[in-house]
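File shown: run06.txt (compact mmCIF, C-alpha atoms).
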```txt
# COMPACT_ATOMS: atom_id res chain seq x y z
CA MET A 971 2.55 20.93 -6.02
CA LYS A 972 6.03 20.32 -7.36
CA LEU A 973 8.31 17.51 -6.27
CA ASN A 974 11.81 16.94 -7.50
CA ILE A 975 12.64 13.50 -6.29
CA LYS A 976 15.32 10.84 -6.75
CA PRO A 977 14.30 7.63 -8.53
CA LYS A 978 14.06 5.52 -5.39
CA TRP A 979 11.23 3.02 -5.06
CA GLU A 980 10.96 3.72 -1.33
CA ASP A 981 9.82 7.26 -2.12
CA THR A 982 6.51 6.18 -3.65
CA ASP A 983 4.97 6.79 -0.22
CA ILE A 984 6.23 10.39 -0.24
CA VAL A 985 4.68 10.98 -3.68
CA ARG A 986 1.35 9.54 -2.59
CA ASP A 987 1.20 11.31 0.76
CA LYS A 988 2.21 14.71 -0.59
CA SER A 989 -0.19 14.47 -3.55
CA ASN A 990 -3.01 13.42 -1.26
CA ASP A 991 -2.32 16.23 1.22
CA PHE A 992 -2.11 18.80 -1.58
CA LEU A 993 -5.38 17.70 -3.19
CA LYS A 994 -7.24 17.65 0.11
CA ALA A 995 -5.89 21.11 0.95
CA HIS A 996 -7.50 22.27 -2.30
CA GLY A 997 -10.89 20.92 -1.29
CA ILE A 998 -10.80 17.75 -3.35
CA SER A 999 -12.94 14.97 -1.86
CA HIS A 1000 -11.36 12.02 -0.07
CA ASP A 1001 -12.19 9.50 -2.82
CA ILE A 1002 -10.92 11.64 -5.69
CA ALA A 1003 -7.79 12.68 -3.78
CA TYR A 1004 -7.12 9.01 -3.05
CA ALA A 1005 -7.60 8.00 -6.70
CA LEU A 1006 -5.40 10.81 -7.99
CA SER A 1007 -2.63 10.24 -5.47
CA MET A 1008 -2.70 6.59 -6.60
CA THR A 1009 -2.34 7.98 -10.13
CA ALA A 1010 0.72 10.05 -9.16
CA CYS A 1011 2.17 6.98 -7.49
CA GLU A 1012 1.65 4.68 -10.48
CA LEU A 1013 3.24 7.25 -12.82
CA PHE A 1014 6.15 7.68 -10.40
CA GLU A 1015 6.63 3.89 -10.24
CA ASN A 1016 6.75 3.76 -14.07
CA ALA A 1017 9.30 6.58 -14.09
CA VAL A 1018 11.51 4.68 -11.63
CA LYS A 1019 11.14 1.43 -13.62
CA TYR A 1020 11.64 2.76 -17.13
CA GLY A 1021 13.54 6.03 -16.72
CA ASP A 1022 17.12 6.32 -17.97
CA PHE A 1023 19.01 7.78 -15.03
CA ARG A 1024 22.67 8.04 -15.99
CA SER A 1025 23.92 10.28 -13.25
CA ALA A 1026 23.15 10.60 -9.57
CA ASP A 1027 21.68 14.08 -9.99
CA GLU A 1028 18.99 13.02 -12.48
CA THR A 1029 15.60 13.10 -10.85
CA ILE A 1030 11.88 12.66 -11.39
CA TYR A 1031 9.60 15.71 -11.44
CA VAL A 1032 6.09 15.23 -10.15
CA THR A 1033 3.60 18.07 -10.48
CA VAL A 1034 -0.04 18.25 -9.43
CA GLU A 1035 -2.14 21.22 -10.55
CA VAL A 1036 -5.71 21.93 -9.55
CA SER A 1037 -7.89 24.30 -11.55
CA LYS A 1038 -11.64 24.87 -11.78
CA SER A 1039 -11.92 22.67 -14.85
CA ASP A 1040 -9.41 19.90 -14.19
CA ILE A 1041 -6.67 18.34 -12.12
CA ILE A 1042 -3.44 17.56 -13.94
CA ILE A 1043 -0.80 15.16 -12.69
CA GLU A 1044 2.44 15.13 -14.64
CA VAL A 1045 5.53 13.03 -14.09
CA LYS A 1046 8.77 13.74 -15.97
CA ASN A 1047 11.86 11.58 -16.25
CA PRO A 1048 14.82 11.16 -18.62
CA VAL A 1049 14.52 8.42 -21.25
CA GLY A 1050 16.94 6.78 -23.67
CA GLU A 1051 16.95 8.05 -27.27
CA MET A 1052 15.52 4.92 -28.90
CA SER A 1053 13.52 3.61 -26.01
CA GLY A 1054 11.30 0.63 -26.85
CA ASN A 1055 9.43 1.53 -23.70
CA LEU A 1056 8.16 4.70 -25.42
CA GLN A 1057 6.59 2.64 -28.20
CA GLN A 1058 5.02 0.42 -25.56
CA LEU A 1059 3.72 3.48 -23.72
CA ASP A 1060 2.23 4.89 -26.94
CA ASN A 1061 0.63 1.54 -27.78
CA THR A 1062 -0.88 1.21 -24.31
CA ILE A 1063 -2.34 4.73 -24.30
CA GLN A 1064 -3.79 4.25 -27.79
CA TRP A 1065 -5.19 0.88 -26.74
CA ILE A 1066 -6.93 2.43 -23.70
CA ARG A 1067 -8.34 5.23 -25.86
CA GLY A 1068 -9.81 2.59 -28.14
CA TYR A 1069 -12.32 1.70 -25.45
CA GLN A 1070 -15.33 3.93 -24.87
CA ASN A 1071 -15.39 2.94 -21.21
CA PRO A 1072 -12.05 2.44 -19.37
CA PHE A 1073 -13.71 -0.25 -17.26
CA GLN A 1074 -13.82 -2.46 -20.35
CA ALA A 1075 -10.12 -1.89 -20.99
CA TYR A 1076 -9.35 -2.65 -17.34
CA VAL A 1077 -11.31 -5.90 -17.41
CA GLU A 1078 -9.58 -6.99 -20.63
CA LYS A 1079 -6.19 -6.31 -19.03
CA LEU A 1080 -7.19 -8.27 -15.90
CA LYS A 1081 -8.02 -11.28 -18.07
CA GLU A 1082 -4.76 -10.94 -19.97
CA VAL A 1083 -2.62 -10.65 -16.82
CA SER A 1084 -4.38 -13.60 -15.16
CA GLU A 1085 -3.35 -15.86 -18.03
CA LYS A 1086 0.24 -14.66 -18.32
CA LYS A 1087 3.21 -16.03 -16.40
CA LEU A 1088 4.29 -14.08 -13.35
CA LYS A 1089 6.87 -11.59 -14.53
CA GLU A 1090 9.01 -9.77 -12.08
CA GLY A 1091 7.66 -6.38 -11.13
CA GLU A 1092 5.46 -5.91 -14.19
CA SER A 1093 1.70 -6.13 -14.26
CA GLY A 1094 0.96 -3.82 -17.19
CA LEU A 1095 -2.04 -2.68 -15.17
CA GLY A 1096 -0.78 0.71 -13.96
CA LEU A 1097 -1.89 2.92 -16.86
CA VAL A 1098 -5.23 1.24 -17.39
CA ARG A 1099 -5.88 1.44 -13.65
CA ILE A 1100 -5.27 5.21 -13.88
CA ALA A 1101 -7.84 5.43 -16.68
CA TYR A 1102 -10.38 3.31 -14.79
CA GLU A 1103 -9.97 4.10 -11.10
CA GLY A 1104 -8.42 7.54 -11.54
CA GLN A 1105 -10.89 8.46 -14.32
CA ALA A 1106 -8.04 10.34 -15.97
CA LEU A 1107 -7.07 10.85 -19.59
CA LEU A 1108 -3.48 9.89 -20.30
CA ASP A 1109 -1.05 11.57 -22.67
CA PHE A 1110 2.69 11.95 -23.09
CA TYR A 1111 5.42 13.77 -25.00
CA VAL A 1112 9.20 13.66 -25.17
CA ASP A 1113 11.06 16.97 -25.31
CA GLU A 1114 14.30 17.84 -27.13
CA ASN A 1115 16.33 16.85 -24.05
CA ASN A 1116 14.87 13.32 -24.04
CA VAL A 1117 12.71 14.00 -21.05
CA LEU A 1118 9.46 12.06 -21.05
CA ALA A 1119 6.40 13.77 -19.58
CA VAL A 1120 3.38 11.59 -18.87
CA SER A 1121 0.23 13.38 -17.83
CA ALA A 1122 -3.07 12.25 -16.38
CA VAL A 1123 -5.93 14.75 -16.61
CA TYR A 1124 -9.00 14.43 -14.42
CA GLN A 1125 -11.97 16.58 -15.47
CA ASN A 1126 -13.27 18.38 -12.39
CA MET B 397 -11.34 -24.69 16.43
CA VAL B 398 -9.54 -21.47 15.55
CA ASN B 399 -5.75 -21.55 15.54
CA ASN B 400 -3.55 -18.57 16.30
CA PRO B 401 -2.99 -16.46 13.23
CA GLU B 402 0.26 -16.91 11.38
CA LYS B 403 1.74 -13.55 10.35
CA PHE B 404 3.92 -12.73 7.38
CA THR B 405 5.23 -9.20 6.94
CA SER B 406 7.09 -7.50 4.12
CA HIS B 407 7.72 -3.77 4.35
CA LEU B 408 4.32 -2.18 5.09
CA LEU B 409 2.16 -5.18 4.29
CA THR B 410 1.17 -7.96 6.66
CA LEU B 411 -0.64 -11.10 5.61
CA GLU B 412 -2.37 -12.86 8.47
CA LYS B 413 -3.33 -16.47 7.92
CA ILE B 414 -6.08 -17.90 10.10
CA VAL B 415 -6.94 -21.56 9.79
CA ASP B 416 -10.24 -22.61 11.30
CA GLU B 417 -12.72 -25.42 10.80
CA PRO B 418 -14.36 -24.50 7.52
CA SER B 419 -11.83 -22.15 5.99
CA ILE B 420 -8.39 -20.62 5.62
CA THR B 421 -8.56 -16.83 5.82
CA ILE B 422 -5.77 -14.58 4.57
CA ARG B 423 -6.18 -11.02 5.82
CA PHE B 424 -4.30 -8.28 3.97
CA ILE B 425 -3.34 -5.53 6.42
CA GLY B 426 -1.54 -2.24 5.67
CA LYS B 427 -0.07 -1.03 2.40
CA SER B 428 1.29 -3.00 -0.53
CA ASN B 429 3.66 -0.85 -2.57
CA GLU B 430 6.71 -2.99 -3.18
CA ARG B 431 8.26 -3.22 -6.61
CA ASN B 432 7.53 -6.92 -6.94
CA PRO B 433 4.77 -7.78 -4.47
CA SER B 434 4.15 -11.16 -6.16
CA LYS B 435 7.41 -12.42 -4.69
CA PHE B 436 6.03 -12.04 -1.17
CA ILE B 437 2.30 -12.58 -1.73
CA TYR B 438 2.06 -15.37 -4.29
CA PRO B 439 3.85 -18.14 -2.34
CA ILE B 440 1.62 -17.50 0.70
CA LEU B 441 -1.56 -17.63 -1.37
CA SER B 442 -0.37 -20.63 -3.34
CA ASN B 443 0.49 -22.50 -0.18
CA ALA B 444 -2.94 -21.70 1.27
CA LEU B 445 -4.54 -23.03 -1.89
CA ASP B 446 -2.57 -26.30 -1.59
CA GLN B 447 -3.56 -26.56 2.07
CA SER B 448 -7.22 -25.90 1.29
CA ALA B 449 -7.26 -28.61 -1.35
CA SER B 450 -5.77 -31.26 0.91
CA ASN B 451 -7.99 -30.33 3.88
CA LYS B 452 -11.15 -29.49 1.93
CA LYS B 453 -11.33 -25.96 3.30
CA ASP B 454 -12.54 -22.81 1.61
CA ILE B 455 -10.19 -19.88 1.14
CA ILE B 456 -11.16 -16.35 2.10
CA LEU B 457 -8.99 -13.45 0.93
CA ASP B 458 -9.98 -10.53 3.13
CA PHE B 459 -8.86 -7.11 1.86
CA ARG B 460 -10.95 -4.95 4.19
CA GLU B 461 -7.93 -3.76 6.17
CA LEU B 462 -5.79 -3.06 3.13
CA GLU B 463 -5.11 0.68 3.00
CA TYR B 464 -3.36 0.88 -0.36
CA MET B 465 -2.07 -1.38 -3.10
CA ASN B 466 -0.13 -0.62 -6.25
CA SER B 467 -1.18 -2.19 -9.53
CA SER B 468 1.53 -4.88 -9.27
CA THR B 469 -0.27 -6.23 -6.19
CA ILE B 470 -3.21 -7.25 -8.36
CA THR B 471 -1.08 -9.76 -10.30
CA PRO B 472 -0.68 -12.44 -7.57
CA ILE B 473 -4.40 -12.15 -6.78
CA LEU B 474 -5.24 -12.73 -10.44
CA LYS B 475 -2.86 -15.68 -10.63
CA ILE B 476 -4.51 -17.33 -7.64
CA LEU B 477 -7.99 -16.78 -9.06
CA ASP B 478 -6.84 -18.24 -12.37
CA ARG B 479 -5.46 -21.29 -10.55
CA ALA B 480 -8.62 -21.68 -8.45
CA LYS B 481 -10.75 -21.49 -11.59
CA ARG B 482 -8.97 -24.50 -13.02
CA GLU B 483 -8.92 -26.66 -9.89
CA GLU B 484 -11.75 -28.88 -8.74
CA ASP B 485 -13.13 -28.66 -5.21
CA CYS B 486 -11.62 -25.26 -4.65
CA GLN B 487 -13.80 -22.54 -3.13
CA ILE B 488 -12.32 -19.09 -2.93
CA ALA B 489 -13.96 -15.90 -1.68
CA ILE B 490 -12.67 -12.34 -1.93
CA VAL B 491 -14.03 -9.93 0.65
CA TYR B 492 -13.52 -6.18 0.37
CA ARG B 493 -14.85 -3.00 1.95
CA GLN B 494 -17.49 -1.61 -0.37
CA SER B 495 -17.63 1.75 1.40
CA LEU B 496 -14.09 2.49 0.24
CA LYS B 497 -14.42 3.70 -3.34
CA TRP B 498 -11.01 2.41 -4.41
CA GLN B 499 -11.68 -1.04 -2.98
CA ASP B 500 -15.08 -1.13 -4.63
CA LEU B 501 -13.59 -0.22 -8.02
CA SER B 502 -10.59 -2.56 -7.73
CA PHE B 503 -12.30 -5.62 -6.35
CA SER B 504 -15.73 -5.45 -7.95
CA ALA B 505 -13.92 -5.66 -11.32
CA LEU B 506 -12.74 -9.12 -10.25
CA LYS B 507 -16.33 -10.34 -10.53
CA ILE B 508 -15.44 -11.29 -14.11
CA PHE B 509 -13.71 -14.29 -12.54
CA GLU B 510 -16.79 -15.48 -10.70
CA ALA B 511 -17.51 -18.89 -12.12
CA LYS B 512 -20.83 -20.43 -13.05
CA ASP B 513 -20.44 -23.12 -10.43
CA ASN B 514 -19.72 -20.37 -7.91
CA ASN B 515 -16.32 -21.60 -6.76
CA ILE B 516 -15.09 -17.98 -6.89
CA ARG B 517 -17.08 -15.31 -5.07
CA ILE B 518 -16.33 -11.60 -4.84
CA THR B 519 -18.20 -9.85 -2.03
CA GLY B 520 -18.26 -6.26 -0.84
CA THR B 521 -19.37 -5.79 2.76
```

Mind turning the file's structure into structure tokens?
Amino acid sequence: MKLNIKPKWEDTDIVRDKSNDFLKAHGISHDIAYALSMTACELFENAVKYGDFRSADETIYVTVEVSKSDIIIEVKNPVGEMSGNLQQLDNTIQWIRGYQNPFQAYVEKLKEVSEKKLKEGESGLGLVRIAYEGQALLDFYVDENNVLAVSAVYQN
Amino acid sequence: MVNNPEKFTSHLLTLEKIVDEPSITIRFIGKSNERNPSKFIYPILSNALDQSASNKKDIILDFRELEYMNSSTITPILKILDRAKREEDCQIAIVYRQSLKWQDLSFSALKIFEAKDNNIRITGT
């Protein structure tokens, strides 16, 4: 599945519904399709929040691929050259990988968020929720055109 | 006595508040996918907590009819649990649908907030 979509928050529903429909059409069970469409949605939300969209024609690419061995969800968006958000993304992914069980990372993040002040629109839970509920391995790269690609890989 | 439910709606999410003799129930209905769901959810939960303290009622947060929530929706729930943990005479119960895998994963993780004196309870039905 390939979606080329404008960075509008209202379109999170489209990303979730289309991912869910695609996964179910490929024989993926209800629970896994639900968890992975949540994953696509969380990655899309991050792209809308942290992407660097300088012109009206810049968009977010969402792809979902199903193979015998895995399901890959990838979300691409433009980023600024010296984005502090990239360092934060790297730190978060490394931090999650530091836990043998993503449940432990999730619980630690829940405790942390519960004690922090309410900050507008940011929970910091999205990526760790993908690791825990989506059971997916996260990775990312930035290409020569400053396009960030974040992937979540679920082992089939 | 059960009063008519009070309804609050923002986009695809409705919170229904039911005040009866022993408790104040907040039912989450629909989908929560707004950018900053705390802005809508937290004041309603906080107000219910104030009301429960002054009327000595328990609070029940019922998520069984919630179809989807983004990760930002978890924040106001955590903030309310954190507040409840620190307040005396405050009983708060979270009820979720255990047969839904995502609800089971999301809400069973909140059991870390269950206190020794049992003023916070997380229950899958």

Exercise. Might you pull out every residue within 6 Å of region 464-478 of chain B, with all atoms listed in the file counted and same-chain residues fewer than 4 positions away left off, and present them as a list in words?
Key: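 Contacts, with the query itself left out: Ser1084, Ser1093, Leu1095 and Gly1096 of chain A; Lys427, Ser428, Asn429, Pro433, Ser434 and Tyr438 of chain B.
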
Quiz item: What gap, in Å, lies between CA of Ala511 (chain B) and CA of Asp416 (chain B)?
Solution: 24.8 Å

Practice problem: Please identify all polymer residues within 8 Å of Leu993 (chain A), counting all atoms listed in the file, omitting same-chain residues fewer than 4 positions from it, and present them as a ChimeraX atom specification. | Solution: /A:989,997-998,1003,1036

Exercise. Between A:Ile1063, A:Ile1030, A:Ala1101, A:Leu1056, single out the one closest to chain B, counting only C-alpha atoms.
Key: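 Closest to chain B of all the choices is A:Ala1101.
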
Quiz prompt | 10 Å contact set for Arg517 (chain B), all atoms listed in the file, chain neighbours under 6 positions out, as a list of chain:residue names | solution =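 These residues fall inside the cut-off: B:Ile456, B:Gln487, B:Ile488, B:Ala489, B:Ile490, B:Val491, B:Leu506, B:Lys507, B:Phe509, B:Glu510, B:Ala511.
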
Please produce a file of those selected residues containing C-alpha atoms, as an mmCIF file, in the frame of the given file.
```
data_model
loop_
_atom_site.group_PDB
_atom_site.id
_atom_site.type_symbol
_atom_site.label_atom_id
_atom_site.label_comp_id
_atom_site.auth_asym_id
_atom_site.auth_seq_id
_atom_site.Cartn_x
_atom_site.Cartn_y
_atom_site.Cartn_z
ATOM 1 C CA ILE B 456 -11.160 -16.350 2.100
ATOM 2 C CA GLN B 487 -13.800 -22.540 -3.130
ATOM 3 C CA ILE B 488 -12.320 -19.090 -2.930
ATOM 4 C CA ALA B 489 -13.960 -15.900 -1.680
ATOM 5 C CA ILE B 490 -12.670 -12.340 -1.930
ATOM 6 C CA VAL B 491 -14.030 -9.930 0.650
ATOM 7 C CA LEU B 506 -12.740 -9.120 -10.250
ATOM 8 C CA LYS B 507 -16.330 -10.340 -10.530
ATOM 9 C CA PHE B 509 -13.710 -14.290 -12.540
ATOM 10 C CA GLU B 510 -16.790 -15.480 -10.700
ATOM 11 C CA ALA B 511 -17.510 -18.890 -12.120
#
```

Exercise. Define the interface residues of chain A facing chain B as those within 10 Å, counting all atoms listed in the file, and report them as a VMD selection string.
Key: chain A and resid 979 to 980 982 to 983 1000 to 1002 1004 to 1005 1008 to 1009 1011 to 1012 1015 1018 to 1019 1073 to 1074 1076 to 1078 1080 to 1100 1102 to 1104

Quiz item: Restricting the calculation to all atoms listed in the file, which member of A:Glu1035, A:Asp1109, A:Asp1022, A:Asp981 is positioned closest to Val1049 (chain A)?
Solution: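 The closest residue to Val1049 (chain A) is A:Asp1022.
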
Practice problem: With a distance cut-off of 8 Å and only C-alpha atoms, select the neighbouring residues of Thr1033 (chain A), excluding the residue or stretch itself and same-chain residues fewer than 5 positions from it, and output the selection as a list in words. | Solution: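 My reading of the contact set: Met971, Lys972, Leu973, Ile1042, Ile1043, Glu1044 and Val1045 of chain A.
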
Practice problem: Calculate how many Å separate CA of Ser1037 (chain A) from CA of Ser1121 (chain A), rounding to one decimal. | Solution: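 Calculated distance between CA of Ser1037 (chain A) and CA of Ser1121 (chain A) is 15.0 Å.
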
Quiz item: Which polymer residues have any atom within 7 Å of an atom of Ile414 (chain B), counting all atoms listed in the file, with same-chain residues fewer than 3 positions away left out, as number ranges by chain?
Solution: B: 399-402, 420-422

Quiz item: Between CA of Lys1046 (chain A) and CA of Glu1114 (chain A), what is the distance, to one decimal in Å?
Solution: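 About the pair CA of Lys1046 (chain A) and CA of Glu1114 (chain A): they are 13.1 Å apart.
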
Quiz prompt | Using all atoms listed in the file: which of B:Arg460, B:Lys452, B:Arg423, B:Arg493 has the shortest distance to Thr410 (chain B) | solution =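 Once distances to Thr410 (chain B) are computed over all atoms listed in the file, the minimum belongs to B:Arg423.
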